[in-house]
>>> print(open('my_file_9.txt').read())   # compact mmCIF, C-alpha atoms and all ligand atoms
# COMPACT_ATOMS: atom_id res chain seq x y z
CA VAL A 198 -0.69 23.59 -11.75
CA TRP A 199 -2.19 25.94 -9.13
CA SER A 200 -5.85 26.89 -8.88
CA ARG A 201 -6.80 30.26 -10.30
CA THR A 202 -6.86 32.40 -7.16
CA VAL A 203 -3.47 31.27 -5.82
CA ALA A 204 -0.89 34.07 -5.59
CA ARG A 205 2.19 35.05 -3.57
CA ASP A 206 1.96 38.23 -1.49
CA GLY A 207 4.72 40.83 -0.96
CA ARG A 208 6.31 38.78 1.85
CA GLY A 209 6.45 35.63 -0.26
CA VAL A 210 3.52 33.98 1.55
CA VAL A 211 1.10 32.11 -0.70
CA THR A 212 -2.54 33.17 -0.64
CA VAL A 213 -5.61 31.50 -2.06
CA GLY A 214 -8.73 33.55 -2.69
CA GLY A 215 -6.92 36.34 -0.85
CA LEU A 216 -6.33 34.22 2.30
CA ASP A 217 -2.87 33.60 3.71
CA VAL A 218 -1.97 29.88 3.97
CA ARG A 219 -0.41 30.49 7.40
CA SER A 220 -3.73 31.65 8.79
CA LEU A 221 -5.50 28.74 7.09
CA ALA A 222 -3.05 26.32 8.74
CA ALA A 223 -3.53 28.05 12.10
CA GLU A 224 -7.31 27.90 11.87
CA PHE A 225 -7.87 24.48 10.29
CA GLY A 226 -4.67 22.57 11.06
CA THR A 227 -2.54 20.49 8.71
CA PRO A 228 -2.64 18.41 6.64
CA ALA A 229 -5.66 19.93 4.91
CA TYR A 230 -7.02 19.98 1.39
CA VAL A 231 -7.68 23.59 0.42
CA MET A 232 -10.22 23.85 -2.38
CA ASP A 233 -10.82 26.96 -4.44
CA GLU A 234 -14.59 27.15 -4.89
CA ALA A 235 -14.46 29.86 -7.56
CA ASP A 236 -12.07 27.75 -9.60
CA PHE A 237 -14.20 24.62 -9.17
CA ARG A 238 -17.30 26.46 -10.31
CA ALA A 239 -15.47 28.10 -13.21
CA ARG A 240 -14.18 24.75 -14.46
CA ALA A 241 -17.62 23.13 -14.13
CA ARG A 242 -19.17 26.06 -15.99
CA ALA A 243 -16.50 25.94 -18.71
CA TRP A 244 -17.35 22.28 -19.39
CA ARG A 245 -21.06 23.02 -19.36
CA GLU A 246 -20.70 25.95 -21.74
CA ALA A 247 -18.26 24.17 -24.04
CA PHE A 248 -20.72 21.33 -24.63
CA GLY A 249 -23.80 23.57 -24.80
CA ASP A 250 -27.44 22.56 -24.71
CA GLY A 251 -27.04 19.68 -27.13
CA ALA A 252 -24.98 17.65 -24.67
CA ASP A 253 -24.83 16.70 -20.99
CA VAL A 254 -21.84 16.96 -18.68
CA TYR A 255 -21.82 14.41 -15.85
CA TYR A 256 -19.19 15.23 -13.24
CA ALA A 257 -17.57 11.94 -12.15
CA GLY A 258 -18.15 11.92 -8.39
CA LYS A 259 -15.38 9.39 -7.76
CA ALA A 260 -12.86 12.22 -8.24
CA PHE A 261 -14.16 14.03 -5.15
CA LEU A 262 -17.68 14.24 -3.78
CA SER A 263 -19.24 16.12 -0.89
CA LYS A 264 -22.59 17.82 -0.34
CA ALA A 265 -21.11 21.27 -1.05
CA VAL A 266 -19.62 20.07 -4.33
CA VAL A 267 -22.96 18.55 -5.33
CA ARG A 268 -24.57 21.93 -4.71
CA TRP A 269 -21.98 23.77 -6.82
CA LEU A 270 -22.49 21.29 -9.66
CA TYR A 271 -26.26 21.59 -9.43
CA GLU A 272 -26.05 25.39 -9.54
CA GLU A 273 -23.65 25.33 -12.49
CA GLY A 274 -26.01 23.10 -14.48
CA LEU A 275 -24.02 19.86 -14.45
CA ASN A 276 -25.23 16.31 -13.97
CA LEU A 277 -23.52 13.77 -11.73
CA ASP A 278 -22.07 10.32 -12.32
CA VAL A 279 -21.94 8.08 -9.23
CA CYS A 280 -20.63 4.56 -9.02
CA SER A 281 -21.77 3.24 -5.65
CA GLY A 282 -24.61 3.46 -3.18
CA GLY A 283 -22.42 5.70 -1.02
CA GLU A 284 -21.81 8.20 -3.81
CA LEU A 285 -25.51 8.11 -4.68
CA ALA A 286 -26.40 8.86 -1.06
CA VAL A 287 -24.11 11.92 -1.02
CA ALA A 288 -25.48 13.08 -4.39
CA LEU A 289 -29.04 12.93 -3.08
CA ALA A 290 -28.14 14.45 0.30
CA GLY A 291 -26.46 17.33 -1.57
CA GLY A 292 -29.71 18.02 -3.41
CA MET A 293 -28.98 16.67 -6.89
CA PRO A 294 -32.31 15.66 -8.46
CA GLY A 295 -32.47 11.95 -9.33
CA GLU A 296 -32.99 12.59 -13.03
CA ARG A 297 -29.61 14.38 -13.23
CA ILE A 298 -27.74 11.40 -11.74
CA ALA A 299 -26.28 8.41 -13.62
CA LEU A 300 -25.31 5.18 -11.85
CA HIS A 301 -22.17 3.32 -12.93
CA GLY A 302 -20.25 0.29 -11.66
CA ASN A 303 -19.34 -3.18 -12.81
CA ASN A 304 -20.99 -4.99 -9.92
CA LYS A 305 -23.88 -2.98 -8.54
CA SER A 306 -25.75 -4.79 -5.81
CA VAL A 307 -29.49 -5.31 -5.86
CA GLY A 308 -29.61 -2.82 -2.98
CA GLU A 309 -27.77 -0.18 -5.02
CA LEU A 310 -30.03 -0.78 -8.03
CA GLU A 311 -33.10 -0.42 -5.76
CA GLN A 312 -31.71 2.80 -4.32
CA ALA A 313 -31.14 4.16 -7.87
CA VAL A 314 -34.55 3.15 -9.21
CA LYS A 315 -36.25 4.66 -6.15
CA ALA A 316 -34.31 7.90 -6.62
CA GLY A 317 -35.43 7.97 -10.26
CA VAL A 318 -31.91 8.25 -11.64
CA GLY A 319 -31.66 9.50 -15.22
CA HIS A 320 -29.95 6.36 -16.37
CA VAL A 321 -28.12 3.29 -15.13
CA VAL A 322 -25.06 2.21 -17.11
CA LEU A 323 -25.24 -1.58 -17.49
CA ASP A 324 -22.03 -3.56 -17.44
CA SER A 325 -22.95 -7.27 -17.70
CA TYR A 326 -25.71 -9.67 -18.75
CA GLN A 327 -26.46 -10.50 -15.12
CA GLU A 328 -27.01 -6.84 -14.41
CA VAL A 329 -29.52 -6.57 -17.26
CA GLU A 330 -31.62 -9.24 -15.54
CA ARG A 331 -31.05 -7.82 -12.08
CA LEU A 332 -32.05 -4.26 -12.96
CA ALA A 333 -35.01 -5.41 -15.06
CA ALA A 334 -36.36 -7.30 -12.05
CA VAL A 335 -35.87 -4.32 -9.74
CA ALA A 336 -37.54 -1.89 -12.17
CA GLU A 337 -40.42 -4.29 -12.67
CA ARG A 338 -40.90 -4.62 -8.93
CA HIS A 339 -41.09 -0.83 -8.67
CA GLY A 340 -43.48 -0.62 -11.60
CA THR A 341 -41.19 1.64 -13.63
CA ARG A 342 -39.34 1.56 -16.93
CA GLN A 343 -35.71 2.44 -16.15
CA PRO A 344 -33.63 4.23 -18.81
CA VAL A 345 -30.24 2.56 -19.33
CA LEU A 346 -27.05 2.81 -21.36
CA ILE A 347 -24.85 -0.19 -22.13
CA ARG A 348 -21.16 0.20 -21.40
CA VAL A 349 -19.08 -1.25 -24.20
CA THR A 350 -15.39 -2.01 -24.49
CA VAL A 351 -14.27 -0.36 -27.69
CA GLY A 352 -10.79 -1.85 -27.84
CA VAL A 353 -8.90 1.34 -27.08
CA GLU A 354 -6.81 1.75 -24.00
CA ALA A 355 -5.73 5.33 -23.58
CA HIS A 356 -3.23 6.53 -21.05
CA THR A 357 -1.55 9.86 -20.79
CA HIS A 358 0.34 10.55 -23.99
CA GLU A 359 -0.40 7.47 -26.03
CA PHE A 360 -3.26 5.19 -26.84
CA ILE A 361 -2.88 1.55 -27.64
CA ALA A 362 -5.33 -0.29 -29.82
CA THR A 363 -4.26 -3.72 -28.56
CA ALA A 364 -4.24 -5.56 -25.22
CA HIS A 365 -7.39 -3.81 -24.06
CA GLU A 366 -10.09 -6.46 -24.01
CA ASP A 367 -8.56 -8.12 -20.97
CA GLN A 368 -10.19 -6.00 -18.24
CA LYS A 369 -13.33 -6.11 -16.17
CA PHE A 370 -15.44 -3.24 -17.54
CA GLY A 371 -18.10 -3.26 -20.21
CA LEU A 372 -19.25 -5.63 -22.93
CA SER A 373 -16.87 -6.25 -25.80
CA LEU A 374 -17.75 -4.75 -29.15
CA ALA A 375 -15.33 -6.87 -31.11
CA GLY A 376 -16.39 -10.10 -29.41
CA GLY A 377 -20.12 -9.50 -30.04
CA ALA A 378 -21.04 -9.25 -26.35
CA ALA A 379 -22.18 -5.64 -26.80
CA ALA A 380 -24.64 -6.59 -29.57
CA GLU A 381 -25.92 -9.44 -27.38
CA GLY A 382 -26.31 -6.99 -24.48
CA VAL A 383 -28.46 -4.79 -26.71
CA ARG A 384 -30.68 -7.79 -27.57
CA ARG A 385 -31.08 -8.69 -23.91
CA VAL A 386 -31.97 -5.15 -22.85
CA LEU A 387 -34.47 -4.76 -25.69
CA ALA A 388 -36.14 -7.99 -24.54
CA GLN A 389 -36.86 -6.47 -21.10
CA PRO A 390 -40.08 -4.44 -20.99
CA SER A 391 -38.98 -2.69 -17.76
CA LEU A 392 -35.79 -1.29 -19.34
CA GLU A 393 -35.55 1.52 -21.85
CA LEU A 394 -32.35 1.41 -23.89
CA ARG A 395 -31.24 5.02 -24.40
CA GLY A 396 -27.76 4.50 -25.79
CA ILE A 397 -24.18 3.31 -25.57
CA HIS A 398 -21.41 4.27 -23.16
CA SER A 399 -17.63 4.08 -23.51
CA HIS A 400 -14.82 5.17 -21.20
CA ILE A 401 -11.30 4.67 -22.50
CA GLY A 402 -9.01 5.69 -19.65
CA SER A 403 -7.72 8.56 -17.57
CA GLN A 404 -5.25 11.46 -17.67
CA ILE A 405 -5.48 11.61 -21.49
CA PHE A 406 -4.07 14.59 -23.39
CA ASP A 407 -4.95 13.65 -26.91
CA THR A 408 -8.30 13.20 -28.69
CA ALA A 409 -7.09 10.35 -30.93
CA GLY A 410 -8.34 7.62 -28.56
CA PHE A 411 -11.77 9.28 -28.36
CA GLU A 412 -11.93 9.34 -32.15
CA VAL A 413 -11.51 5.58 -32.35
CA ALA A 414 -14.01 5.10 -29.52
CA ALA A 415 -16.61 7.38 -31.15
CA ARG A 416 -16.22 5.63 -34.50
CA ARG A 417 -16.77 2.22 -32.93
CA VAL A 418 -19.71 3.32 -30.77
CA VAL A 419 -21.42 4.91 -33.78
CA GLY A 420 -20.71 1.68 -35.67
CA LEU A 421 -22.69 -0.19 -33.01
CA LEU A 422 -25.57 2.30 -33.29
CA ALA A 423 -25.67 1.56 -37.02
CA GLU A 424 -25.70 -2.20 -36.32
CA VAL A 425 -28.53 -1.74 -33.83
CA ARG A 426 -30.51 0.20 -36.45
CA ASP A 427 -29.90 -2.52 -39.04
CA GLU A 428 -30.78 -5.40 -36.71
CA HIS A 429 -33.61 -3.87 -34.67
CA GLY A 430 -34.86 -0.94 -36.73
CA ILE A 431 -34.28 1.60 -33.93
CA GLU A 432 -31.93 4.57 -33.65
CA LEU A 433 -30.59 4.94 -30.13
CA PRO A 434 -30.70 8.60 -29.11
CA GLU A 435 -27.61 8.92 -26.83
CA ILE A 436 -23.91 8.22 -26.64
CA ASP A 437 -21.65 8.83 -23.68
CA LEU A 438 -17.91 9.00 -24.29
CA GLY A 439 -16.92 8.90 -20.60
CA GLY A 440 -14.26 10.95 -18.87
CA GLY A 441 -10.50 10.87 -18.79
CA LEU A 442 -9.25 14.30 -19.81
CA GLY A 443 -5.87 15.02 -18.26
CA ILE A 444 -4.74 17.91 -16.06
CA ALA A 445 -1.39 19.51 -15.27
CA TYR A 446 0.25 17.89 -12.25
CA THR A 447 3.60 19.45 -13.09
CA SER A 448 4.60 22.20 -15.50
CA GLU A 449 5.50 19.53 -18.11
CA ASP A 450 1.83 18.58 -18.60
CA ASP A 451 -0.13 20.40 -21.27
CA PRO A 452 -3.86 19.69 -20.90
CA ARG A 453 -6.55 20.50 -23.49
CA GLU A 454 -9.24 23.09 -22.76
CA PRO A 455 -12.88 21.91 -22.49
CA ALA A 456 -13.88 23.95 -25.55
CA GLU A 457 -11.24 22.19 -27.64
CA ILE A 458 -12.36 18.76 -26.42
CA ALA A 459 -16.04 19.57 -26.96
CA ALA A 460 -15.44 20.76 -30.51
CA ALA A 461 -13.33 17.71 -31.34
CA LEU A 462 -15.80 15.20 -29.91
CA ALA A 463 -18.83 16.83 -31.52
CA ALA A 464 -17.06 16.91 -34.89
CA ILE A 465 -16.04 13.24 -34.67
CA VAL A 466 -19.53 12.09 -33.71
CA ARG A 467 -21.11 14.20 -36.48
CA ARG A 468 -18.71 12.88 -39.10
CA GLU A 469 -19.13 9.25 -38.09
CA CYS A 470 -22.94 9.53 -38.01
CA ARG A 471 -22.98 11.12 -41.44
CA ALA A 472 -20.85 8.27 -42.78
CA VAL A 473 -23.40 5.65 -41.71
CA GLY A 474 -26.54 7.76 -42.26
CA LEU A 475 -27.60 8.16 -38.61
CA GLU A 476 -29.17 11.15 -36.88
CA VAL A 477 -26.58 12.69 -34.54
CA PRO A 478 -27.34 11.34 -31.03
CA ARG A 479 -27.20 13.42 -27.85
CA LEU A 480 -23.64 13.38 -26.50
CA SER A 481 -22.59 13.15 -22.89
CA VAL A 482 -19.21 13.18 -21.17
CA GLU A 483 -18.02 12.45 -17.62
CA PRO A 484 -15.05 14.57 -16.59
CA GLY A 485 -13.92 14.14 -12.99
CA ARG A 486 -10.25 14.99 -12.65
CA ALA A 487 -10.42 17.83 -15.21
CA ILE A 488 -12.93 19.68 -13.02
CA ALA A 489 -11.84 18.85 -9.46
CA GLY A 490 -8.13 18.11 -9.83
CA PRO A 491 -6.63 21.56 -10.33
CA THR A 492 -8.92 23.24 -7.77
CA ALA A 493 -7.21 22.07 -4.57
CA PHE A 494 -3.80 21.80 -2.97
CA THR A 495 -2.78 19.86 0.09
CA LEU A 496 -1.24 21.95 2.82
CA TYR A 497 1.33 20.13 4.98
CA GLU A 498 3.68 21.13 7.79
CA VAL A 499 7.29 20.02 7.65
CA GLY A 500 8.22 17.83 10.63
CA THR A 501 11.78 16.70 9.88
CA VAL A 502 14.48 17.48 7.31
CA LYS A 503 17.03 14.67 6.90
CA PRO A 504 19.93 15.12 4.46
CA LEU A 505 21.36 11.85 3.10
CA GLU A 506 24.95 12.44 2.12
CA GLY A 507 25.42 12.23 -1.66
CA LEU A 508 21.78 11.29 -2.27
CA ARG A 509 19.06 13.77 -1.41
CA THR A 510 17.25 15.30 1.52
CA TYR A 511 14.17 13.59 2.91
CA VAL A 512 11.51 16.02 4.04
CA SER A 513 8.81 14.46 6.22
CA VAL A 514 5.38 16.07 6.31
CA ASP A 515 2.45 15.43 8.64
CA GLY A 516 0.41 13.39 6.11
CA GLY A 517 1.45 11.04 3.32
CA MET A 518 0.08 8.00 1.49
CA SER A 519 -3.12 8.10 3.57
CA ASP A 520 -4.10 11.47 2.04
CA ASN A 521 -2.45 10.97 -1.37
CA ILE A 522 -1.99 7.36 -2.46
CA ARG A 523 -1.41 8.30 -6.10
CA THR A 524 2.37 8.57 -5.96
CA ALA A 525 2.73 5.15 -4.35
CA LEU A 526 0.01 3.54 -6.46
CA TYR A 527 0.64 4.97 -9.93
CA ASP A 528 4.06 6.54 -9.63
CA ALA A 529 2.19 9.82 -10.18
CA GLU A 530 4.21 13.00 -10.39
CA TYR A 531 3.44 16.04 -8.29
CA SER A 532 5.16 19.32 -7.65
CA VAL A 533 5.60 21.01 -4.27
CA ALA A 534 6.38 24.50 -3.01
CA LEU A 535 7.36 26.24 0.21
CA VAL A 536 4.35 28.46 0.80
CA SER A 537 4.73 30.03 4.25
CA ARG A 538 7.65 32.37 3.52
CA ALA A 539 10.07 33.57 0.88
CA SER A 540 13.54 32.05 0.74
CA GLU A 541 16.69 33.14 -1.03
CA ALA A 542 18.47 29.87 -0.18
CA GLU A 543 19.88 27.62 -2.92
CA PRO A 544 17.55 24.86 -4.13
CA MET A 545 18.26 21.36 -2.82
CA LEU A 546 17.04 18.02 -4.19
CA VAL A 547 14.38 16.60 -1.90
CA ARG A 548 11.94 13.75 -1.61
CA VAL A 549 8.78 14.69 0.25
CA VAL A 550 7.61 11.75 2.33
CA GLY A 551 4.80 11.11 4.78
CA LYS A 552 4.67 9.75 8.31
CA HIS A 553 3.51 6.21 7.55
CA CYS A 554 5.35 3.02 8.36
CA GLU A 555 6.69 2.16 4.95
CA SER A 556 9.35 3.44 2.63
CA GLY A 557 6.94 3.69 -0.32
CA ASP A 558 5.14 6.46 1.56
CA ILE A 559 6.21 9.15 -0.90
CA VAL A 560 4.21 12.26 -1.70
CA VAL A 561 6.60 13.90 -4.20
CA ARG A 562 9.39 11.72 -5.54
CA ASP A 563 11.79 14.41 -6.78
CA ALA A 564 11.58 18.13 -6.18
CA PHE A 565 13.74 21.12 -5.40
CA LEU A 566 13.07 23.12 -2.26
CA PRO A 567 15.16 25.85 -0.60
CA ALA A 568 18.13 24.54 1.38
CA ASP A 569 17.05 26.46 4.51
CA LEU A 570 13.83 24.42 4.78
CA ALA A 571 13.06 23.72 8.43
CA PRO A 572 10.47 22.08 10.69
CA GLY A 573 7.39 24.28 10.93
CA ASP A 574 7.57 25.45 7.31
CA LEU A 575 4.41 24.90 5.30
CA LEU A 576 4.50 23.06 1.98
CA ALA A 577 1.72 22.82 -0.57
CA VAL A 578 1.26 20.11 -3.18
CA PRO A 579 -0.97 21.41 -5.99
CA ALA A 580 -3.51 19.53 -8.14
CA THR A 581 -4.78 17.27 -5.35
CA GLY A 582 -8.49 18.01 -5.85
CA ALA A 583 -9.20 14.69 -7.58
CA TYR A 584 -8.57 11.15 -6.32
CA CYS A 585 -6.81 12.23 -3.13
CA ARG A 586 -9.51 12.81 -0.48
CA SER A 587 -11.71 10.29 -2.33
CA MET A 588 -8.97 7.62 -2.15
CA ALA A 589 -7.77 8.56 1.34
CA SER A 590 -7.34 5.78 3.88
CA ASN A 591 -6.97 5.36 7.62
CA TYR A 592 -3.66 3.49 7.33
CA ASN A 593 -1.85 3.62 10.68
CA HIS A 594 -5.16 5.00 11.98
CA ALA A 595 -4.38 8.30 10.31
CA LEU A 596 -7.24 10.76 10.54
CA LYS A 597 -8.47 11.87 7.12
CA PRO A 598 -7.78 15.59 6.61
CA PRO A 599 -10.54 18.15 6.19
CA VAL A 600 -11.52 19.82 2.96
CA VAL A 601 -11.54 23.58 3.41
CA ALA A 602 -13.31 25.58 0.71
CA VAL A 603 -12.13 29.09 0.05
CA ALA A 604 -14.51 31.56 -1.61
CA ASP A 605 -14.93 35.33 -1.64
CA GLY A 606 -12.16 35.91 0.87
CA SER A 607 -13.45 33.47 3.47
CA ALA A 608 -12.81 29.83 4.25
CA ARG A 609 -15.09 27.14 5.58
CA VAL A 610 -14.81 23.43 6.25
CA ILE A 611 -16.93 21.41 3.82
CA VAL A 612 -15.67 18.01 5.02
CA ARG A 613 -14.35 18.06 8.58
CA ARG A 614 -11.18 16.43 9.84
CA GLU A 615 -11.68 12.94 11.26
CA THR A 616 -11.19 12.52 14.96
CA GLU A 617 -10.05 9.58 17.05
CA GLU A 618 -13.66 9.33 18.24
CA ASP A 619 -14.71 8.81 14.60
CA LEU A 620 -12.31 5.86 14.35
CA LEU A 621 -13.26 4.42 17.72
CA ARG A 622 -16.98 4.71 16.96
CA LEU A 623 -16.59 1.94 14.38
CA ASP A 624 -14.49 -0.24 16.67
CA ILE A 625 -17.06 -1.88 18.88
CA GLY A 626 -14.58 -3.99 20.83
N1 LIG B 1 -16.45 7.80 -16.24
C1 LIG B 1 -16.11 6.54 -15.93
C2 LIG B 1 -16.97 5.44 -16.36
C3 LIG B 1 -14.93 6.29 -15.22
O1 LIG B 1 -14.60 5.04 -14.93
C4 LIG B 1 -14.11 7.37 -14.81
C5 LIG B 1 -12.89 7.14 -14.05
C6 LIG B 1 -14.51 8.67 -15.14
C7 LIG B 1 -15.68 8.85 -15.86
C8 LIG B 1 -13.73 9.90 -14.74
O2 LIG B 1 -12.45 9.91 -15.22
P1 LIG B 1 -11.56 11.24 -15.08
O3 LIG B 1 -12.18 12.29 -15.97
O4 LIG B 1 -11.60 11.67 -13.66
O5 LIG B 1 -10.22 10.81 -15.51
N2 LIG B 1 -8.02 6.72 -9.35
C9 LIG B 1 -7.37 7.04 -10.60
C10 LIG B 1 -8.33 7.31 -11.69
C11 LIG B 1 -9.32 6.19 -11.88
C12 LIG B 1 -10.42 6.65 -12.71
C13 LIG B 1 -11.44 5.59 -12.86
N3 LIG B 1 -12.54 5.99 -13.66
C14 LIG B 1 -6.39 8.19 -10.41
O6 LIG B 1 -6.18 8.58 -9.28
O7 LIG B 1 -5.78 8.66 -11.36
>>> encode(input="my_file_9.txt", output="C-alpha cells")
Amino acid sequence: VWSRTVARDGRGVVTVGGLDVRSLAAEFGTPAYVMDEADFRARARAWREAFGDGADVYYAGKAFLSKAVVRWLYEEGLNLDVCSGGELAVALAGGMPGERIALHGNNKSVGELEQAVKAGVGHVVLDSYQEVERLAAVAERHGTRQPVLIRVTVGVEAHTHEFIATAHEDQKFGLSLAGGAAAEGVRRVLAQPSLELRGIHSHIGSQIFDTAGFEVAARRVVGLLAEVRDEHGIELPEIDLGGGLGIAYTSEDDPREPAEIAAALAAIVRRECRAVGLEVPRLSVEPGRAIAGPTAFTLYEVGTVKPLEGLRTYVSVDGGMSDNIRTALYDAEYSVALVSRASEAEPMLVRVVGKHCESGDIVVRDAFLPADLAPGDLLAVPATGAYCRSMASNYNHALKPPVVAVADGSARVIVRRETEEDLLRLDIG
C-alpha cells in the first residue's frame, strides 16, 4: 500500500525517497499530500511499456492533475485524458501537446468544445446526439475535421471484485449498445463532414481487480465495429477500453500488474476481431488511480486522542473529509500508520477522524494504532494519490493541503497550500 521509496529508519521514523517525514512536516506543514515522483514515473512507464507501441495509454487526469504531473507524463510517453475545460487548461499549461490529449465528459459546453478544437486535441469522446451536433458546428466554424470516438454503454457494470451484467443501462454516460443508440450515434457522426469517426470508447467502472468485465466490454465493442463495417462499409481503426484498474488501499487488496492487464486486453481484442473477421484496431486505455493512487500518502498531525469506554478511541487529525472525501462518500477503506516514531505499546482500536463539523468526517473507519499515541504524533494514510486532492473541498473553509513531490532525496511543493487570502480573494463581499 505504500509507494516504492517508503521505508522506516533505525529509529522507527518513516522516510520517503530518503527524507524523514518529521522534517517534511516541519518544512511543509500538515496535512500534506506527499507524492513519490520516482514511483509515479515508474508506474506511468510500466503502463506505457506494457502496452507497447501498438497502443496508447491516456492517464485519466481526474485522478490527480498538476503541471508537474503533466510534465512527468509527457516525459514518460503517456497521453492525457481530461474531462473539463479546467483539466484541459492544466494539461496545456503543463506542456502536453494537444494531439496527445483526449476530451471526455457527458455535458461538455460549447466553450469547452471550442477550447479543445483550438488546442487540436487528438480526439473528443462524444457522449450524446446533441454533442455530435454541437461539436460538428464548432469544428466547422474552425474549419477543421475533428477526430472523435463515441462512448458506448456496453451493459457491464464492474465494481471491485464482481461485475454485474444487469442494471447497468440506467446511468448517464454513453450511448446504449443494446438499445441501438450507439449505432444511431455512428450514423449521426458519419453524416457530419467536420467530424472524423476514429472509433468506439467504453469505460466500465473503477477499482476493478478482474479482467472478466473488460472481456465482455471488448466483445461488445468489437461487435459494434463489425456492425459498422456491415452497415457502412468502413472499419473503424481504434477502440478505447477506458480505465478502472484497482489498487491496494489495504493489505487485503490484490491488484493486477499493468503487463498482465495489457496482455489480457490485447488477447481479448485479437480473439474477438478474429471471430468477426476484422483487422485488429489500435487499443487505448485510461488508467488514473492505478498510476497516481499508490504514489502518495497524506501526512497528518494528531490533535486529540479520545478513548470511548468499551467502544474505541477516536483520534482527531488536522484534516479530514475536505482532503479525503472517499471514506465518507464510498465507505472506502484505508490503512494508517504512526510514522514519526517507533512504539512498543499495545495496539488499540481507533477511528481516525478529521476536524470538520459532522460525525461522518471519518478518514479511516477501523484501524489499530499504538496505545501510547499522543497529540503531536504524525500519522500517514497511504494510497491517497488519486481522487483525494482532486476531490478536495473547502468545507468549513478548510484550506486545501499542498502536494509535496519527493525525488532524488529532495522535496518540493508542486501544488501549494491554500491560504485564507486565496479563499477571501473569491469572496467579493
Ligand atoms: N476513463 C473514464 C472515461 C472515466 O470515467 C474514468 C473514471 C477513468 C478513465 C479513470 O478511472 P480509474 O482508472 O482512475 O479508476 N472518484 C471515484 C472514481 C470515479 C472515477 C470516474 N471515472 C473514486 O474516488 O474512487
>>> closest_atom_pairs(input="my_file_9.txt", of="chain A", to="ligand LIG 1 (chain B)", cutoff="6 Å", atoms="only C-alpha atoms and all ligand atoms", output="JSON lines")
{"residue": "A:Ala257", "atom": "CA", "partner": "B:LIG1", "partner_atom": "C8", "distance": 5.1}
{"residue": "A:Ala260", "atom": "CA", "partner": "B:LIG1", "partner_atom": "O4", "distance": 5.6}
{"residue": "A:His400", "atom": "CA", "partner": "B:LIG1", "partner_atom": "C2", "distance": 5.3}
{"residue": "A:Ser403", "atom": "CA", "partner": "B:LIG1", "partner_atom": "O5", "distance": 3.9}
{"residue": "A:Gln404", "atom": "CA", "partner": "B:LIG1", "partner_atom": "O5", "distance": 5.5}
{"residue": "A:Gly439", "atom": "CA", "partner": "B:LIG1", "partner_atom": "N1", "distance": 4.5}
{"residue": "A:Gly440", "atom": "CA", "partner": "B:LIG1", "partner_atom": "O3", "distance": 3.8}
{"residue": "A:Gly441", "atom": "CA", "partner": "B:LIG1", "partner_atom": "O5", "distance": 3.3}
{"residue": "A:Leu442", "atom": "CA", "partner": "B:LIG1", "partner_atom": "O3", "distance": 5.2}
{"residue": "A:Glu483", "atom": "CA", "partner": "B:LIG1", "partner_atom": "C7", "distance": 4.6}
{"residue": "A:Pro484", "atom": "CA", "partner": "B:LIG1", "partner_atom": "O3", "distance": 3.7}
{"residue": "A:Gly485", "atom": "CA", "partner": "B:LIG1", "partner_atom": "O4", "distance": 3.5}
{"residue": "A:Arg486", "atom": "CA", "partner": "B:LIG1", "partner_atom": "O4", "distance": 3.7}
{"residue": "A:Ala487", "atom": "CA", "partner": "B:LIG1", "partner_atom": "O3", "distance": 5.9}
{"residue": "A:Arg523", "atom": "CA", "partner": "B:LIG1", "partner_atom": "O6", "distance": 5.7}
{"residue": "A:Tyr584", "atom": "CA", "partner": "B:LIG1", "partner_atom": "O6", "distance": 4.6}
>>> closest_residue(input="my_file_9.txt", among="A:Leu620, A:Gly352, A:Ile298, A:Glu530", to="Ser448 (chain A)", atoms="all atoms listed in the file")
A:Glu530
>>> residues_around(input="my_file_9.txt", residues="Ala489 (chain A)", least_positions_apart="3", cutoff="6 Å", atoms="all atoms listed in the file", output="list in words")
Arg486, Thr492, Gly582 and Ala583 of chain A
>>> atom_distance(input="my_file_9.txt", atom1="CA of Arg242 (chain A)", atom2="CA of Tyr271 (chain A)")
10.6 Å
>>> residues_near_point(input="my_file_9.txt", point="(-31.3, -5.0, -31.6)", cutoff="7 Å", atoms="all atoms listed in the file", output="tab-separated table (two decimals) with C-alpha atoms, keeping the file's coordinate frame")
chain	number	residue	atom	x	y	z
A	383	VAL	CA	-28.46	-4.79	-26.71
A	384	ARG	CA	-30.68	-7.79	-27.57
A	387	LEU	CA	-34.47	-4.76	-25.69
A	425	VAL	CA	-28.53	-1.74	-33.83
A	428	GLU	CA	-30.78	-5.40	-36.71
A	429	HIS	CA	-33.61	-3.87	-34.67
>>> atom_distance(input="my_file_9.txt", atom1="CA of Ile405 (chain A)", atom2="CA of Ile347 (chain A)")
22.7 Å
>>> atom_distance(input="my_file_9.txt", atom1="CA of Glu224 (chain A)", atom2="CA of Phe565 (chain A)")
28.1 Å
>>> residues_near_point(input="my_file_9.txt", point="(-7.6, 7.2, -31.0)", cutoff="8 Å", atoms="all atoms listed in the file", output="JSON, numbers by chain")
{"A": [353, 355, 360, 362, 408, 409, 410, 411, 412, 413, 414]}
>>> closest_residue(input="my_file_9.txt", among="A:Ala539, A:Leu374, A:Met293, A:Ala299", to="Glu272 (chain A)", atoms="only C-alpha atoms")
A:Met293
>>> closest_residue(input="my_file_9.txt", among="A:Val345, A:Ala247, A:Ile401, A:Ala378", to="Pro434 (chain A)", atoms="all atoms listed in the file")
A:Val345
>>> residues_around(input="my_file_9.txt", residues="Phe225 (chain A)", least_positions_apart="3", cutoff="9 Å", atoms="all atoms listed in the file", output="number ranges by chain")
A: 220-222, 228-229, 599, 601, 610, 614
>>> closest_residue(input="my_file_9.txt", among="A:Gly402, A:Pro344, A:Gly274, A:Gly517", to="Trp244 (chain A)", atoms="all atoms listed in the file")
A:Gly274
>>> closest_residue(input="my_file_9.txt", among="A:Asn521, A:Arg562, A:Ser481, A:Ile458", to="Arg509 (chain A)", atoms="all atoms listed in the file")
A:Arg562
>>> closest_residue(input="my_file_9.txt", among="A:Ser537, A:His320, A:Glu424, A:Gln343", to="Val211 (chain A)", atoms="only C-alpha atoms")
A:Ser537
